[in-house]
Amino acid sequence: MTSTQKWPEWGWALLQLLLVASISQAEDLVCRHTGDPENPQLFKDGDIILGGIFSFHSSWIDRKETYTKKPPPLECTSLNFRDLQIAQAMIFVIEEINNSTELLPGISLGYKMYDTCGSIARSVRVALALANGNEVVSAESETPCTKPAQVQAIMGETSSSTCMAVATVMGPFHIPLISHFATCACLSDKTKYPSFLRTIPSDYYQSRALAQLVKHFGWTWVGAISSNNDYGNNGMAIFTETAQQLGICLEYSVIVAFLAHLDLDVLMSKLSDHNLTGYQWVGSEAWIFDSQIAEMDRHHILDGAIGLSIPKAHVSGLRDFILDVKPLNSRGNDILIVFWEALFGCKFKQPNSSGENLRECTGYEDLSGLQYGFIDMSLMAIFNNVYKGVYAVAHALHNIFGCSKTCNYKVQINPYMILQHIRKINFKTKEGDEVYFNENGDPPAKYEIINWQPGEKGIADFVSVGVYDASLPADKQLSLQNKSLIWAQNLKQVPVSVCSEKCSPGTRKVLQKGKPVCCYDCIRCAEGEMSNTTDSVICVKCPPEFWSNERRDACVKKESEFLSYEEIMGALLTAASLFGTCMTAVVALIFFRHRKTPIVRANNSELSFLLLFSLTLCFLCSLTFIGRPSEWSCMLRHTAFGITFVLCISCVLGKTMVVLMAFRASLPGSNVMKWFGPTQQRLSVLVFTLIQVVICILWLTMSPPFPFKNFQVIKDKIILECALGSTLGFWAVLGYIGVLAMFCFILAFLARKLPDNFNEAKFITFSMLIFCAVWLTFIPAYVSSPGKFSVAVEIFAILASSFGLVICIFIPKCHIILLRPEKNTKKNMMGKGEPKTL
């Protein structure tokens with residue numbers, strides 16, 4: 001079936017009606033045969049009797065009649081050739097054992113086989129007849145009355161429902177009931193069916209295997225049809241449960257048919273009326289290898305079907321035995337006469353004949369020339385199951401009697417002893433098949449996977465394309481040759497049967513509201529999440545150092561971000577830092593060359609050179625903020641910045657205090673300068689700087705700055721930055737700088753209107769105003785800037801405040817030194833009065 005085909009809306013209802021109609025039709029028909037059903041139809045005496053329960057007649061009409069709607073041949077409408085073959089297989093095995101000198105030597109096996117006519121009630125009646133014995137022994141009979149009439153084991157039945165009923169009745173008698181084809185998993189319950197065993201695997205394994213087969217091909221949108229009996233209902237229940245666990249939804253694209261072959265006959269008839277072809281069928285062992293169904297499928301409804309089959313088998317000599325049957329040589333087996341007449345359309349001479357216009361049967365007609373179900377050997381696997389079951393009983397008897405060359409006839413046997421020994425047997429047949437039963441009375445579960453492929457004359461061939469072995473580990477149970485498969489409509493590729501297309505990597509499945517789990521939408525994974533498998537139900541969050549790629553199907557390592565020298569912003573800040581350093585060096589050189597001029601001497605040359613040195617360090621310390629953070633760079637950048645700026649502000653503060661003291665010293669009677677001479681100026685700078693050094697040492701000792709990977713600021717990048725360590729230490733360093741700057745600003749402001757012709761306090765006031773403005777705006781900008789931009793803000797603040805000090809304090813003096821030398825005189829410096837040496 002193709003992915004574009006849709007099952008009609010009325011399809012499911014039609015299928016249900018078909019099954020109900022088929023059952024009703026069956027109930028309306030009668031079993032058309034003669035003879036008392038409570039007397040055995042096939043029997044043979046022996047030392048030990050085995051029972052057989054088979055449906056030699058069926059309440060169903062002929063299969064070909066059902067499908068082709070042609071008039072049925074006379075007296076053939078209810079004959080079941082399959083069960084007759086199975087009964088012949090049982091006779092073959094018993095004869096083979098009787099002729100063996102190794103198994104049960106000297107003991108002969110007999111059989112009594114009853115016809116149930118496809119009725120559960122009749123099956124129970126004949127089972128009781130086998131258990132109790134209903135022969136009437138005459139007084140003249142030589143048969144001893146002490147001979148037990150009941151059988152020691154019963155072979156059959158084909159139907160699971162019938163076996164359930166018979167096993168329930170046989171349980172109290174402990175008579176082993178060994179079925180060759182009843183597969184319902186419910187029969188494994190030994191509390192209900194203690195004496196039931198079988199030589200065919202339980203549907204528990206088949207149903208799970210079918211679900212795994214469907215899952216293997218990616219079919220999640222399937223239809224399911226089952227027979228309305230114990231076989232179909234129990235098998236489908238297990239399939240449905242397993243399918244749900246595997247995420248398979250029951251719908252209509254691929255059809256899983258857990259049907260008995262007779263139910264499928266009727267269903268095919270109705271489907272052919274509506275030409276419902278092209279669907280992919282998945283079948284159970286009940287019909288997937290049935291050659292009669294393949295022969296009747298003239299409309300190719302089941303083309304490409306795939307399913308589980310009992311493994312192919314061969315029982316040497318069995319085919320010749322079945323084809324060599326002669327009704328006239330079969331004493332006590334009158335049922336063969338009925339089949340013979342039906343096969344050849346003839347009639348044996350009988351007294352009080354009805355005079356029907358039929359040719360007379362000779363009993364020597366050749367079966368090999370027939371094109372009819374009786375000579376079809378495609379069910380050899382089922383015959384092999386019968387073969388195993390009879391041999392299991394024989395081996396159990398062999399062990400009970402202690403047989404070697406002879407058997408101990410004195411051992412009193414009963415069915416319970418046989419049942420216990422059957423459960424323990426383990427042997428190999430002549431074909432090499434190992435036979436044993438588990439604790440539930442089931443054999444090992446192994447299936448062939450069959451594919452219906454085009455064959456000769458338009459009839460499908462059953463091609464083995466794989467194996468399912470439940471004894472292997474779960475991941476190795478299913479083995480398929482995918483290249484050998486042919487699908488519906490002779491497609492070479494696997495048909496698609498899904499409600500929703502697969503979700504590709506990078507997406508996740510989200511169920512559609514109110515719809516089955518197979519119907520879903522594919523939602524793209526969120527940023528930072530990924531899925532690298534098809535049909536993923538979740539998106540996995542990437543590790544902290546990784547981020548999802550554009551397709552969201554992999555996590556890639558995040559790009560590390562920091563302020564580097566190579567990028568434009570880092571290069572510009574580096575250039576500004578070097579420019580400021582060079583400018584300060586040039587100013588220092590100018591001051592050094594003109595150190596004896598009045599303007600340099602009047603501005604305290606010692607503090608000026610120390611200030612220029614500290615400003616050079618301020619410009620250079622900004623470079624420590626650029627580049628990949630490391631443990632040493634993180635500790636150096638903040639401490640170097642704090643100490644150099646305190647040194648710088650201390651020098652400015654010293655110059656401001658010198659200006660104030662110089663003015664006080666020019667007043668009559670003042671002797672202030674002796675308290676703030678060069679020594680006191682040096683000590684003040686040293687003390688103010690040492691306080692910052694102590695703060696930095698405490699910071700580095702208690703909780704120093706350290707390199708830190710920040711994953712929060714930018715989600716798809718790693719921000720490499722320096723964590724502050726102790727926030728208190730950082731703000732203590734900045735706070736101390738701010739206190740000194742404010743104090744310096746206040747003193748300079750107070751000295752701004754001193755009467756000197758060249759009053760340095762005015763320029764210090766402007767420089768401190770710029771300094772304070774820069775650092776006051778720095779705080780909110782620093783806190784709000786993400787990643788490397790916070791570092792850039794800090795560098796900008798350092799450079800801006802440093803440039804402010806250089807420009808405001810030194811550039812005006814350089815202007816006079818270089819461009820206005822006429823003002824660089826002692827008289828001009830002092831105005832009206834004589835200048836004082838500072």
# chains A, B, ... in the order shown; residues from 1 in each chain; ligands from 1
>>> select_by_dssp(residues="region 639-728 of chain A", states="strand (DSSP E)", output="ChimeraX atom specification")
/A:706-710,717-723
>>> select_by_dssp(residues="region 122-284 of chain A", states="alpha helix (DSSP H)", output="MDAnalysis selection string")
chainID A and resid 122:132 160:170 203:216 230:245 261:273
>>> residues_around(residues="Gln477 (chain A)", least_positions_apart="4", cutoff="9 Å", atoms="only C-alpha atoms", output="ChimeraX atom specification")
/A:209,467-473
>>> residues_around(residues="region 531-537 of chain A", least_positions_apart="4", cutoff="7 Å", atoms="only C-alpha atoms", output="list in words")
Lys502, Cys503, Ser504, Pro505, Gly506, Thr507, Arg508, Lys509, Arg552, Asp553 and Ala554 of chain A
>>> residues_around(residues="region 183-195 of chain A", least_positions_apart="5", cutoff="6 Å", atoms="only C-alpha atoms", output="number ranges by chain")
A: 160, 167-168, 171, 174, 176, 202-204, 231, 440
>>> residues_around(residues="region 626-638 of chain A", least_positions_apart="4", cutoff="6 Å", atoms="only C-alpha atoms", output="ChimeraX atom specification")
/A:563-564,705-707,722
>>> closest_residue(among="A:Leu267, A:Glu431, A:Thr199, A:Ala294", to="Lys457 (chain A)", atoms="only C-alpha atoms")
A:Ala294
>>> atom_distance(atom1="CA of Trp340 (chain A)", atom2="CA of Asp265 (chain A)")
24.6 Å
>>> atom_distance(atom1="CA of Glu251 (chain A)", atom2="CA of Pro495 (chain A)")
15.0 Å
>>> residues_around(residues="Asn229 (chain A)", least_positions_apart="3", cutoff="10 Å", atoms="only C-alpha atoms", output="list of chain:residue names")
A:Ser159, A:Ser160, A:Ser161, A:Cys184, A:Ser226, A:Gly232, A:Asn233, A:Asn234, A:Gly235, A:Leu259, A:Ala260
>>> write_last_selection(atoms="N, CA, C and O atoms", output="short mmCIF file (atom, residue, chain, number, x, y, z; two decimals), in the first residue's frame")
data_model
loop_
_atom_site.label_atom_id
_atom_site.label_comp_id
_atom_site.auth_asym_id
_atom_site.auth_seq_id
_atom_site.Cartn_x
_atom_site.Cartn_y
_atom_site.Cartn_z
N SER A 159 -8.64 -25.42 16.84
CA SER A 159 -9.14 -24.13 17.30
C SER A 159 -8.78 -23.89 18.76
O SER A 159 -8.88 -24.79 19.60
N SER A 160 -8.39 -22.64 19.09
CA SER A 160 -8.07 -22.28 20.48
C SER A 160 -9.30 -22.35 21.36
O SER A 160 -9.25 -22.82 22.51
N SER A 161 -10.45 -21.89 20.84
CA SER A 161 -11.67 -21.89 21.65
C SER A 161 -12.08 -23.31 22.01
O SER A 161 -12.48 -23.60 23.14
N CYS A 184 -3.64 -19.58 21.26
CA CYS A 184 -4.07 -18.54 22.19
C CYS A 184 -3.17 -18.51 23.43
O CYS A 184 -2.93 -19.55 24.06
N SER A 226 -9.39 -8.78 13.77
CA SER A 226 -9.20 -10.07 14.43
C SER A 226 -10.50 -10.85 14.39
O SER A 226 -11.59 -10.29 14.30
N GLY A 232 -8.46 -14.83 18.10
CA GLY A 232 -8.34 -13.46 17.60
C GLY A 232 -8.34 -12.42 18.70
O GLY A 232 -7.53 -11.49 18.69
N ASN A 233 -9.24 -12.57 19.66
CA ASN A 233 -9.36 -11.54 20.70
C ASN A 233 -8.14 -11.49 21.60
O ASN A 233 -7.63 -10.41 21.90
N ASN A 234 -7.66 -12.65 22.05
CA ASN A 234 -6.48 -12.66 22.91
C ASN A 234 -5.23 -12.24 22.16
O ASN A 234 -4.40 -11.48 22.68
N GLY A 235 -5.07 -12.73 20.94
CA GLY A 235 -3.90 -12.34 20.16
C GLY A 235 -3.87 -10.86 19.86
O GLY A 235 -2.84 -10.21 19.97
N LEU A 259 -6.47 -13.21 11.98
CA LEU A 259 -7.70 -13.90 11.58
C LEU A 259 -7.45 -15.38 11.37
O LEU A 259 -6.38 -15.79 10.91
N ALA A 260 -8.46 -16.16 11.68
CA ALA A 260 -8.48 -17.55 11.25
C ALA A 260 -8.69 -17.58 9.74
O ALA A 260 -9.27 -16.67 9.16
#
>>> closest_residue(among="A:Ser100, A:Asn399, A:Thr406, A:Thr656", to="Ile418 (chain A)", atoms="only C-alpha atoms")
A:Asn399
>>> decode(residues="region 463-475 of chain A", atoms="all heavy atoms", output="compact mmCIF listing (two decimals), in the first residue's frame")
# COMPACT_ATOMS: atom_id res chain seq x y z
N VAL A 463 7.67 -16.57 0.19
CA VAL A 463 9.12 -16.44 0.22
C VAL A 463 9.55 -16.10 1.64
O VAL A 463 9.05 -15.15 2.25
CB VAL A 463 9.60 -15.34 -0.75
CG1 VAL A 463 11.12 -15.21 -0.69
CG2 VAL A 463 9.13 -15.66 -2.17
N SER A 464 10.47 -16.91 2.15
CA SER A 464 11.00 -16.65 3.48
C SER A 464 12.01 -15.50 3.42
O SER A 464 12.99 -15.56 2.67
CB SER A 464 11.68 -17.91 4.04
OG SER A 464 12.24 -17.66 5.31
N VAL A 465 11.76 -14.46 4.20
CA VAL A 465 12.62 -13.26 4.17
C VAL A 465 13.23 -12.95 5.53
O VAL A 465 13.85 -11.91 5.70
CB VAL A 465 11.82 -12.03 3.67
CG1 VAL A 465 11.41 -12.20 2.23
CG2 VAL A 465 10.60 -11.78 4.56
N GLY A 466 13.05 -13.83 6.50
CA GLY A 466 13.62 -13.53 7.80
C GLY A 466 13.19 -14.54 8.85
O GLY A 466 12.44 -15.49 8.58
N VAL A 467 13.64 -14.29 10.07
CA VAL A 467 13.36 -15.18 11.19
C VAL A 467 13.10 -14.34 12.42
O VAL A 467 13.69 -13.27 12.60
CB VAL A 467 14.56 -16.13 11.45
CG1 VAL A 467 14.33 -16.97 12.69
CG2 VAL A 467 14.80 -17.04 10.25
N TYR A 468 12.18 -14.84 13.26
CA TYR A 468 11.98 -14.25 14.59
C TYR A 468 12.20 -15.36 15.61
O TYR A 468 11.51 -16.38 15.59
CB TYR A 468 10.57 -13.66 14.74
CG TYR A 468 10.32 -13.08 16.11
CD1 TYR A 468 10.67 -11.76 16.40
CD2 TYR A 468 9.77 -13.84 17.14
CE1 TYR A 468 10.45 -11.21 17.65
CE2 TYR A 468 9.55 -13.30 18.40
CZ TYR A 468 9.89 -11.99 18.65
OH TYR A 468 9.69 -11.45 19.90
N ASP A 469 13.16 -15.14 16.50
CA ASP A 469 13.50 -16.14 17.52
C ASP A 469 13.41 -15.48 18.89
O ASP A 469 14.24 -14.65 19.26
CB ASP A 469 14.91 -16.68 17.27
CG ASP A 469 15.22 -17.90 18.15
OD1 ASP A 469 14.47 -18.14 19.11
OD2 ASP A 469 16.21 -18.59 17.87
N ALA A 470 12.37 -15.85 19.66
CA ALA A 470 12.12 -15.22 20.96
C ALA A 470 13.16 -15.61 22.00
O ALA A 470 13.25 -14.95 23.05
CB ALA A 470 10.73 -15.59 21.47
N SER A 471 13.96 -16.63 21.74
CA SER A 471 14.95 -17.06 22.72
C SER A 471 16.20 -16.18 22.72
O SER A 471 17.02 -16.24 23.63
CB SER A 471 15.36 -18.51 22.46
OG SER A 471 16.00 -18.64 21.20
N LEU A 472 16.35 -15.34 21.68
CA LEU A 472 17.52 -14.48 21.57
C LEU A 472 17.30 -13.18 22.34
O LEU A 472 16.17 -12.85 22.71
CB LEU A 472 17.80 -14.18 20.09
CG LEU A 472 18.14 -15.39 19.21
CD1 LEU A 472 18.31 -14.95 17.77
CD2 LEU A 472 19.39 -16.09 19.70
N PRO A 473 18.37 -12.40 22.57
CA PRO A 473 18.19 -11.08 23.19
C PRO A 473 17.26 -10.20 22.37
O PRO A 473 17.11 -10.39 21.15
CB PRO A 473 19.62 -10.51 23.21
CG PRO A 473 20.51 -11.71 23.18
CD PRO A 473 19.78 -12.75 22.37
N ALA A 474 16.62 -9.25 23.02
CA ALA A 474 15.56 -8.45 22.39
C ALA A 474 16.02 -7.78 21.10
O ALA A 474 15.26 -7.70 20.13
CB ALA A 474 15.04 -7.41 23.38
N ASP A 475 17.26 -7.30 21.06
CA ASP A 475 17.73 -6.57 19.88
C ASP A 475 18.15 -7.49 18.74
O ASP A 475 18.47 -7.02 17.65
CB ASP A 475 18.89 -5.66 20.26
CG ASP A 475 20.07 -6.43 20.87
OD1 ASP A 475 19.83 -7.54 21.39
OD2 ASP A 475 21.20 -5.93 20.82
